[in-house]
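Step one of this worksheet: look at the structure below.
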Amino acid sequence: MSSELVNYRCDGHIALLTVDNPPVNALSQPLRAALLAAVRRAGADPQTQAMVILCAGRTFIAGADVGEFDRPPEEPHLPELTQAIESAGKPVVAALHGTALGGGFEIALASHYRIATADSKVGLPEVKLGVIPGAGGTQRLPRLVGVEAALRMIVGGEPVSAGEALTLGAIDEIATGDLTGAALAAASRLVAQGGAPRRTAEQPLATVEPAIFDAARRQAAVKQRHLLAPLAAIEAIEAAVTQPFAKSVQRERQLFLERRSSAQAAALRNAFLGEREVARVPGLPDDLPTREIRRVAVLGAGTMGGGIAMCFANAGFDVLLKEVDAAALDRGMSIIRKNYQASAARGGLSAQEMERRLQRIQPTLVWSDLAEVDLIVEAVFEDIGVKRQVFEQLDAIARPGAILATNTSYLDVAQIAEFTRRPQDVVGMHFFSPANVMRLLENVRTAKTAPEVLATVMKLGRKLGKVAVLVGGCDGFVGNRMLAQRTREAWFLLEEGALPQQVDAALVDFGFPMGPFAVSDLAGLDIGWRNRQARAHLRRPGVRDCDLLDQVCQLGRLGQKTAAGWYRYDAGSRTPLPDPAIEALIVAHSQARGITRRQISEQEIVERCVYSMINEAAKILDEGVAARPVDVDMVWLNGYGFPKWRGGPLFYADQVGLPQVLATVESYAERLGTDFWAPAPLLRQRVAEGGTFYRRPG
Ligand code: NAI
């Protein structure tokens, strides 16, 4: 009488309960029910003296079924299951492999003995999804590892290795050899020792200084600013210390349920599920064949080309790196080497692994070397003439079926495709700087790109460890097109009365890791300056334009690299310091333009910078440049530091309420004119329908 989800068999006097719910044995409601039934059955069977809970497939239970969080909790709830396991009258052994996380690890904690493979990981990462462990995790873990380590693991949410878990006391044994055999042996031992269950909840908690909780709260306020789940986790652990188990476990549940239904948890779930969703592209069947990519070439060993080459080498690809001359190639290779050395020095990479990766990158100056590769990513100068030359050349030498990708930021991929006789093989692969670090990859389709080419670059994105989002062609694609709105409003705010530090502070308060002016200083102001020059011809006569960036650059202030930009920097420091010289320049600029400077509120800064992007995103959706709201949101979460706990610009707009967003956009249209603030038709439409970006009514 096994269920499909839990296989039940007996090995002598020991019952083996094998969970089998691929791909990661997530704790869905049917699995909870099946496991509870199996535990009760083993408990009731007089022939059974102990039980082992283990999992089929690649991992022990890796956590909750996140999709269920959008619905009311369904019975049996997880606490009922962990309670049943812990109170079983015979020993329960949990045998862990892969990643025993969240609810999976709570099941292990409620078991009476934990054995794990050496390469497994355990942890309670719930805070990353805006919740806390809700089935005794915050109560049992401190009893096993002590309050300090429990705070670290639960409030930080990082899993630990089996070795570390053993040292801490979170598990009892590391299996050498076969896990099932070792778990059965452990169960037999427990039976032989008398068979009394070792209940975690009954173990005493070591006393701690109450100050430890205040210290944890202070740390969370800095390191996990804005986040509420870490504070709830601290409170739950504190309850474990101050109240009896039966009471504190109820407090944990209450805190869990509060967090589960919170706006932050919904937003963090959107971020988590969205990463998976963007991989499934509407109109591209999952079983569409893809082209095999083994050898890759990157054109241009500059800022982007070098990072892109590293990114492929890191994922195990052989990469040819092509430049125009030996000097540029040597420069590019030496920067790559330095970057690898820096990560080796930080301990992120062994010397051996660094060498292996470096070896995979072969520098070349010869076009014909590229004749056999499967994919070429072009990252040469952002100039349509240069792109033309390069793509004509590629068309002449690349093998039939090779994918030709461009990393252009703003140029028209469809136009670039027409420089070849094989536009079906041309696609945009827009990496972000530094390309070996940033998770976002915008894959840009044209009307002619072959579906299997799109499927191939989407799959490739995942192999590279990126969040790949498929977008359509337009000026700046999704990310930079929205960014342009924020940048423009930030400059306008300066001439109207704000200072860079004030704009930055407002957006950091909103949740961005850095403000736009500090980011520009970091990236180098010349990038934006050059971009403004290249696009000067697109400026519409009579339409407001702010040239403050040009003025700052003309002073030779190019950001951190010149120790001065929108801010000033002390020698060797990266800390932006407000600069009276910049204030004077901005004030003089306002005067010259006849603008009376005024006090600008934090609310106005956020609305002008963020709502302008939301309005643009609505146009992007309407035009089909992004297929779904989630595509827009994943671009901004993974490429531009939009706060995860707000779920993305469009998820945030839905939470604010679209009628309010529209009213705000309209009020700015009235004050500032419709050149930049005309409400997007889709925004109006969704408000009229009573819908949101994510959900249409009906
Ligand atoms: P870069 O100026 O640092 O590097 C360009 C490199 O291409 C130079 O080393 C140059 O010698 C080389 N090159 C020029 N013509 C070549 C040819 N015919 N064959 C081989 N190599 C050639 O430029 P960067 O910043 O790396 O930009 C490259 C591309 O990436 C541009 O299209 C840019 O818009 C795009 N991009 C840049 C980002 C950034 O943050 N810098 C972000 C995303 C895209």
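Residues are referred to by chain and number: the chain letter is A, B, ... according to the order shown in the structure tokens, the number counts from 1 in that chain, and ligands are numbered separately from 1 in the order shown.
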Non-local contacts of A:Phe517 (7 Å; only C-alpha atoms; under 3 positions in same chain excluded) as a ChimeraX atom specification: /A:500,504,520-521,566
Could you list, as a PyMOL selection string, all residues that come within 6 Å of ligand 1? Count only C-alpha atoms and all ligand atoms. chain A and resi 299-305+322-324+328+379-382+390+407-409+430-433
Extract the full set of helix (DSSP H, G or I) residues from stretch 252-309 of chain A according to DSSP on the backbone, and format it as a PyMOL selection string. chain A and resi 252-260+263-277+303-309
Deliver the residues from the most recent selection as a file, using N, CA and C atoms, as a PDB file, in the first residue's frame.
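again_28.pdb, freshly written:
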```pdb
ATOM      1  N   GLU A 252       5.725  30.828  16.651  1.00  0.00           N
ATOM      2  CA  GLU A 252       6.415  30.687  15.362  1.00  0.00           C
ATOM      3  C   GLU A 252       5.408  30.580  14.227  1.00  0.00           C
ATOM      4  N   ARG A 253       4.398  29.734  14.421  1.00  0.00           N
ATOM      5  CA  ARG A 253       3.397  29.520  13.375  1.00  0.00           C
ATOM      6  C   ARG A 253       2.664  30.819  13.031  1.00  0.00           C
ATOM      7  N   GLN A 254       2.340  31.561  14.094  1.00  0.00           N
ATOM      8  CA  GLN A 254       1.637  32.825  13.901  1.00  0.00           C
ATOM      9  C   GLN A 254       2.505  33.802  13.086  1.00  0.00           C
ATOM     10  N   LEU A 255       3.777  33.884  13.467  1.00  0.00           N
ATOM     11  CA  LEU A 255       4.695  34.774  12.740  1.00  0.00           C
ATOM     12  C   LEU A 255       4.851  34.305  11.297  1.00  0.00           C
ATOM     13  N   PHE A 256       4.924  32.987  11.107  1.00  0.00           N
ATOM     14  CA  PHE A 256       5.043  32.432   9.759  1.00  0.00           C
ATOM     15  C   PHE A 256       3.836  32.834   8.916  1.00  0.00           C
ATOM     16  N   LEU A 257       2.635  32.665   9.474  1.00  0.00           N
ATOM     17  CA  LEU A 257       1.422  32.964   8.701  1.00  0.00           C
ATOM     18  C   LEU A 257       1.334  34.450   8.358  1.00  0.00           C
ATOM     19  N   GLU A 258       1.757  35.296   9.309  1.00  0.00           N
ATOM     20  CA  GLU A 258       1.767  36.741   9.022  1.00  0.00           C
ATOM     21  C   GLU A 258       2.691  37.050   7.850  1.00  0.00           C
ATOM     22  N   ARG A 259       3.868  36.464   7.886  1.00  0.00           N
ATOM     23  CA  ARG A 259       4.849  36.710   6.821  1.00  0.00           C
ATOM     24  C   ARG A 259       4.372  36.120   5.497  1.00  0.00           C
ATOM     25  N   ARG A 260       3.759  34.944   5.585  1.00  0.00           N
ATOM     26  CA  ARG A 260       3.334  34.249   4.370  1.00  0.00           C
ATOM     27  C   ARG A 260       2.364  35.093   3.556  1.00  0.00           C
ATOM     28  N   ALA A 263       3.066  41.447   1.793  1.00  0.00           N
ATOM     29  CA  ALA A 263       3.412  41.963   0.469  1.00  0.00           C
ATOM     30  C   ALA A 263       4.853  41.596   0.101  1.00  0.00           C
ATOM     31  N   GLN A 264       5.744  41.638   1.096  1.00  0.00           N
ATOM     32  CA  GLN A 264       7.153  41.315   0.796  1.00  0.00           C
ATOM     33  C   GLN A 264       7.305  39.874   0.341  1.00  0.00           C
ATOM     34  N   ALA A 265       6.582  38.971   1.007  1.00  0.00           N
ATOM     35  CA  ALA A 265       6.703  37.564   0.616  1.00  0.00           C
ATOM     36  C   ALA A 265       6.158  37.362  -0.794  1.00  0.00           C
ATOM     37  N   ALA A 266       5.053  38.034  -1.117  1.00  0.00           N
ATOM     38  CA  ALA A 266       4.493  37.902  -2.469  1.00  0.00           C
ATOM     39  C   ALA A 266       5.509  38.405  -3.497  1.00  0.00           C
ATOM     40  N   ALA A 267       6.165  39.518  -3.173  1.00  0.00           N
ATOM     41  CA  ALA A 267       7.144  40.087  -4.104  1.00  0.00           C
ATOM     42  C   ALA A 267       8.355  39.164  -4.258  1.00  0.00           C
ATOM     43  N   LEU A 268       8.838  38.621  -3.147  1.00  0.00           N
ATOM     44  CA  LEU A 268      10.005  37.744  -3.225  1.00  0.00           C
ATOM     45  C   LEU A 268       9.664  36.445  -3.959  1.00  0.00           C
ATOM     46  N   ARG A 269       8.417  35.993  -3.822  1.00  0.00           N
ATOM     47  CA  ARG A 269       7.991  34.811  -4.579  1.00  0.00           C
ATOM     48  C   ARG A 269       7.970  35.130  -6.066  1.00  0.00           C
ATOM     49  N   ASN A 270       7.514  36.341  -6.383  1.00  0.00           N
ATOM     50  CA  ASN A 270       7.501  36.721  -7.792  1.00  0.00           C
ATOM     51  C   ASN A 270       8.919  36.706  -8.355  1.00  0.00           C
ATOM     52  N   ALA A 271       9.859  37.191  -7.552  1.00  0.00           N
ATOM     53  CA  ALA A 271      11.253  37.191  -7.995  1.00  0.00           C
ATOM     54  C   ALA A 271      11.749  35.759  -8.192  1.00  0.00           C
ATOM     55  N   PHE A 272      11.393  34.885  -7.272  1.00  0.00           N
ATOM     56  CA  PHE A 272      11.863  33.499  -7.308  1.00  0.00           C
ATOM     57  C   PHE A 272      11.224  32.730  -8.464  1.00  0.00           C
ATOM     58  N   LEU A 273       9.899  32.793  -8.552  1.00  0.00           N
ATOM     59  CA  LEU A 273       9.206  32.040  -9.595  1.00  0.00           C
ATOM     60  C   LEU A 273       9.436  32.672 -10.965  1.00  0.00           C
ATOM     61  N   GLY A 274       9.594  33.999 -10.971  1.00  0.00           N
ATOM     62  CA  GLY A 274       9.785  34.716 -12.230  1.00  0.00           C
ATOM     63  C   GLY A 274      11.046  34.274 -12.953  1.00  0.00           C
ATOM     64  N   GLU A 275      12.094  34.003 -12.183  1.00  0.00           N
ATOM     65  CA  GLU A 275      13.342  33.539 -12.797  1.00  0.00           C
ATOM     66  C   GLU A 275      13.110  32.268 -13.597  1.00  0.00           C
ATOM     67  N   ARG A 276      12.233  31.426 -13.088  1.00  0.00           N
ATOM     68  CA  ARG A 276      11.937  30.183 -13.799  1.00  0.00           C
ATOM     69  C   ARG A 276      10.984  30.432 -14.957  1.00  0.00           C
ATOM     70  N   GLU A 277      10.062  31.365 -14.732  1.00  0.00           N
ATOM     71  CA  GLU A 277       9.042  31.608 -15.745  1.00  0.00           C
ATOM     72  C   GLU A 277       9.615  32.235 -17.009  1.00  0.00           C
ATOM     73  N   THR A 303      35.973  46.075 -22.593  1.00  0.00           N
ATOM     74  CA  THR A 303      35.243  45.921 -21.337  1.00  0.00           C
ATOM     75  C   THR A 303      34.287  44.731 -21.392  1.00  0.00           C
ATOM     76  N   MET A 304      33.459  44.688 -22.419  1.00  0.00           N
ATOM     77  CA  MET A 304      32.430  43.657 -22.471  1.00  0.00           C
ATOM     78  C   MET A 304      32.975  42.333 -22.989  1.00  0.00           C
ATOM     79  N   GLY A 305      33.735  42.389 -24.089  1.00  0.00           N
ATOM     80  CA  GLY A 305      34.231  41.151 -24.694  1.00  0.00           C
ATOM     81  C   GLY A 305      35.008  40.300 -23.693  1.00  0.00           C
ATOM     82  N   GLY A 306      35.863  40.944 -22.907  1.00  0.00           N
ATOM     83  CA  GLY A 306      36.660  40.208 -21.919  1.00  0.00           C
ATOM     84  C   GLY A 306      35.761  39.513 -20.906  1.00  0.00           C
ATOM     85  N   GLY A 307      34.776  40.235 -20.401  1.00  0.00           N
ATOM     86  CA  GLY A 307      33.846  39.672 -19.410  1.00  0.00           C
ATOM     87  C   GLY A 307      33.018  38.546 -20.009  1.00  0.00           C
ATOM     88  N   ILE A 308      32.607  38.722 -21.263  1.00  0.00           N
ATOM     89  CA  ILE A 308      31.790  37.687 -21.923  1.00  0.00           C
ATOM     90  C   ILE A 308      32.634  36.422 -22.121  1.00  0.00           C
ATOM     91  N   ALA A 309      33.888  36.604 -22.530  1.00  0.00           N
ATOM     92  CA  ALA A 309      34.775  35.440 -22.707  1.00  0.00           C
ATOM     93  C   ALA A 309      34.927  34.690 -21.378  1.00  0.00           C
TER      94      ALA A 309
END
```
Pick out each residue of stretch 244-414 of chain A that DSSP on the backbone tags as strand (DSSP E); I need them as an NGL selection string. :A and (295-299 or 318-322 or 361-364 or 375-378 or 403-406)
Dump of N, CA and C atoms for the selected residues, as a PDB file, in the first residue's frame:
```pdb
ATOM      1  N   ARG A 295      31.885  25.214 -29.258  1.00  0.00           N
ATOM      2  CA  ARG A 295      32.962  26.201 -29.375  1.00  0.00           C
ATOM      3  C   ARG A 295      32.378  27.586 -29.619  1.00  0.00           C
ATOM      4  N   VAL A 296      32.964  28.544 -28.955  1.00  0.00           N
ATOM      5  CA  VAL A 296      32.426  29.904 -28.978  1.00  0.00           C
ATOM      6  C   VAL A 296      33.543  30.870 -29.346  1.00  0.00           C
ATOM      7  N   ALA A 297      33.196  31.942 -30.055  1.00  0.00           N
ATOM      8  CA  ALA A 297      34.171  33.016 -30.270  1.00  0.00           C
ATOM      9  C   ALA A 297      33.577  34.329 -29.792  1.00  0.00           C
ATOM     10  N   VAL A 298      34.429  35.178 -29.249  1.00  0.00           N
ATOM     11  CA  VAL A 298      33.995  36.507 -28.837  1.00  0.00           C
ATOM     12  C   VAL A 298      34.819  37.510 -29.629  1.00  0.00           C
ATOM     13  N   LEU A 299      34.139  38.492 -30.208  1.00  0.00           N
ATOM     14  CA  LEU A 299      34.839  39.515 -30.989  1.00  0.00           C
ATOM     15  C   LEU A 299      34.977  40.769 -30.158  1.00  0.00           C
ATOM     16  N   ASP A 318      35.055  26.311 -24.585  1.00  0.00           N
ATOM     17  CA  ASP A 318      36.294  26.816 -25.189  1.00  0.00           C
ATOM     18  C   ASP A 318      35.959  28.091 -25.937  1.00  0.00           C
ATOM     19  N   VAL A 319      36.776  29.112 -25.729  1.00  0.00           N
ATOM     20  CA  VAL A 319      36.463  30.421 -26.293  1.00  0.00           C
ATOM     21  C   VAL A 319      37.635  30.955 -27.102  1.00  0.00           C
ATOM     22  N   LEU A 320      37.343  31.398 -28.314  1.00  0.00           N
ATOM     23  CA  LEU A 320      38.345  32.137 -29.082  1.00  0.00           C
ATOM     24  C   LEU A 320      38.059  33.614 -28.870  1.00  0.00           C
ATOM     25  N   LEU A 321      39.088  34.376 -28.552  1.00  0.00           N
ATOM     26  CA  LEU A 321      38.885  35.811 -28.337  1.00  0.00           C
ATOM     27  C   LEU A 321      39.626  36.569 -29.427  1.00  0.00           C
ATOM     28  N   LYS A 322      38.851  37.263 -30.266  1.00  0.00           N
ATOM     29  CA  LYS A 322      39.440  37.885 -31.458  1.00  0.00           C
ATOM     30  C   LYS A 322      39.502  39.396 -31.302  1.00  0.00           C
ATOM     31  N   ILE A 361      40.487  30.160 -22.793  1.00  0.00           N
ATOM     32  CA  ILE A 361      40.360  31.368 -23.625  1.00  0.00           C
ATOM     33  C   ILE A 361      41.587  31.490 -24.529  1.00  0.00           C
ATOM     34  N   GLN A 362      41.376  31.283 -25.802  1.00  0.00           N
ATOM     35  CA  GLN A 362      42.479  31.350 -26.773  1.00  0.00           C
ATOM     36  C   GLN A 362      42.433  32.670 -27.524  1.00  0.00           C
ATOM     37  N   PRO A 363      43.462  33.506 -27.355  1.00  0.00           N
ATOM     38  CA  PRO A 363      43.470  34.763 -28.104  1.00  0.00           C
ATOM     39  C   PRO A 363      43.800  34.527 -29.586  1.00  0.00           C
ATOM     40  N   THR A 364      43.230  35.324 -30.454  1.00  0.00           N
ATOM     41  CA  THR A 364      43.567  35.204 -31.880  1.00  0.00           C
ATOM     42  C   THR A 364      43.382  36.548 -32.591  1.00  0.00           C
ATOM     43  N   LEU A 375      29.086  29.485 -32.171  1.00  0.00           N
ATOM     44  CA  LEU A 375      28.460  30.750 -31.762  1.00  0.00           C
ATOM     45  C   LEU A 375      29.527  31.834 -31.733  1.00  0.00           C
ATOM     46  N   ILE A 376      29.183  32.993 -32.293  1.00  0.00           N
ATOM     47  CA  ILE A 376      30.100  34.133 -32.220  1.00  0.00           C
ATOM     48  C   ILE A 376      29.354  35.282 -31.543  1.00  0.00           C
ATOM     49  N   VAL A 377      29.940  35.825 -30.471  1.00  0.00           N
ATOM     50  CA  VAL A 377      29.320  36.979 -29.805  1.00  0.00           C
ATOM     51  C   VAL A 377      30.176  38.201 -30.126  1.00  0.00           C
ATOM     52  N   GLU A 378      29.567  39.154 -30.774  1.00  0.00           N
ATOM     53  CA  GLU A 378      30.287  40.359 -31.179  1.00  0.00           C
ATOM     54  C   GLU A 378      30.181  41.421 -30.091  1.00  0.00           C
ATOM     55  N   ILE A 403      25.567  30.518 -34.914  1.00  0.00           N
ATOM     56  CA  ILE A 403      24.747  31.637 -34.442  1.00  0.00           C
ATOM     57  C   ILE A 403      25.619  32.881 -34.333  1.00  0.00           C
ATOM     58  N   LEU A 404      25.131  33.983 -34.900  1.00  0.00           N
ATOM     59  CA  LEU A 404      25.881  35.234 -34.867  1.00  0.00           C
ATOM     60  C   LEU A 404      25.150  36.192 -33.929  1.00  0.00           C
ATOM     61  N   ALA A 405      25.770  36.489 -32.802  1.00  0.00           N
ATOM     62  CA  ALA A 405      25.095  37.313 -31.794  1.00  0.00           C
ATOM     63  C   ALA A 405      25.804  38.652 -31.650  1.00  0.00           C
ATOM     64  N   THR A 406      25.014  39.690 -31.402  1.00  0.00           N
ATOM     65  CA  THR A 406      25.616  40.999 -31.124  1.00  0.00           C
ATOM     66  C   THR A 406      25.279  41.430 -29.702  1.00  0.00           C
TER      67      THR A 406
END
```
Near stretch 161-170 of chain A, within 8 Å and counting only C-alpha atoms, which residues show up once chain neighbours fewer than 5 positions away are dropped, as a count of residues only? 13
Non-local contacts of A:Tyr611 (9 Å; only C-alpha atoms; under 3 positions in same chain excluded) as a list in words: Arg486, Val606, Glu607, Arg608, Ile614, Asn615, Glu616, Pro649, Ala653, Val661, Leu662, Thr664 and Val665 of chain A
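Distances from A:Arg695, A:Arg646, A:Arg684, A:Arg388 to A:Thr420 were compared using only C-alpha atoms, and the smallest one belongs to A:Arg388.
Here atom CA of A:Arg540 stands at a distance of 18.6 Å from atom CA of A:Met482.
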Could you tell me how far atom CA of A:Ile293 sits from atom CA of A:Leu460, in Å to one decimal place?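 It comes out at 8.1 Å.
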Restrict the calculation to only C-alpha atoms, then for each residue of stretch 24-125 of chain A with any atom at most 10 Å from an atom of stretch 201-216 of chain A give the closest atom pair and their distance in Å to one decimal, rows by chain and rising residue number, as a tab-separated table.
```
residue	atom	partner	partner_atom	distance
A:Gln83	CA	A:Ala201	CA	9.7
A:Glu86	CA	A:Ala201	CA	8.1
A:Ser87	CA	A:Ala201	CA	9.7
A:Leu109	CA	A:Ala201	CA	9.3
A:Ala110	CA	A:Ala201	CA	8.0
```
A:Trp367: which residues within 9 Å, counting only C-alpha atoms, same-chain residues fewer than 5 positions away excluded, as a PyMOL selection string? chain A and resi 322+393-394+397
8 Å contact set for A:Ile605, only C-alpha atoms, chain neighbours under 4 positions out, as number ranges by chain: A: 490, 493, 503, 506-507, 600-601, 609
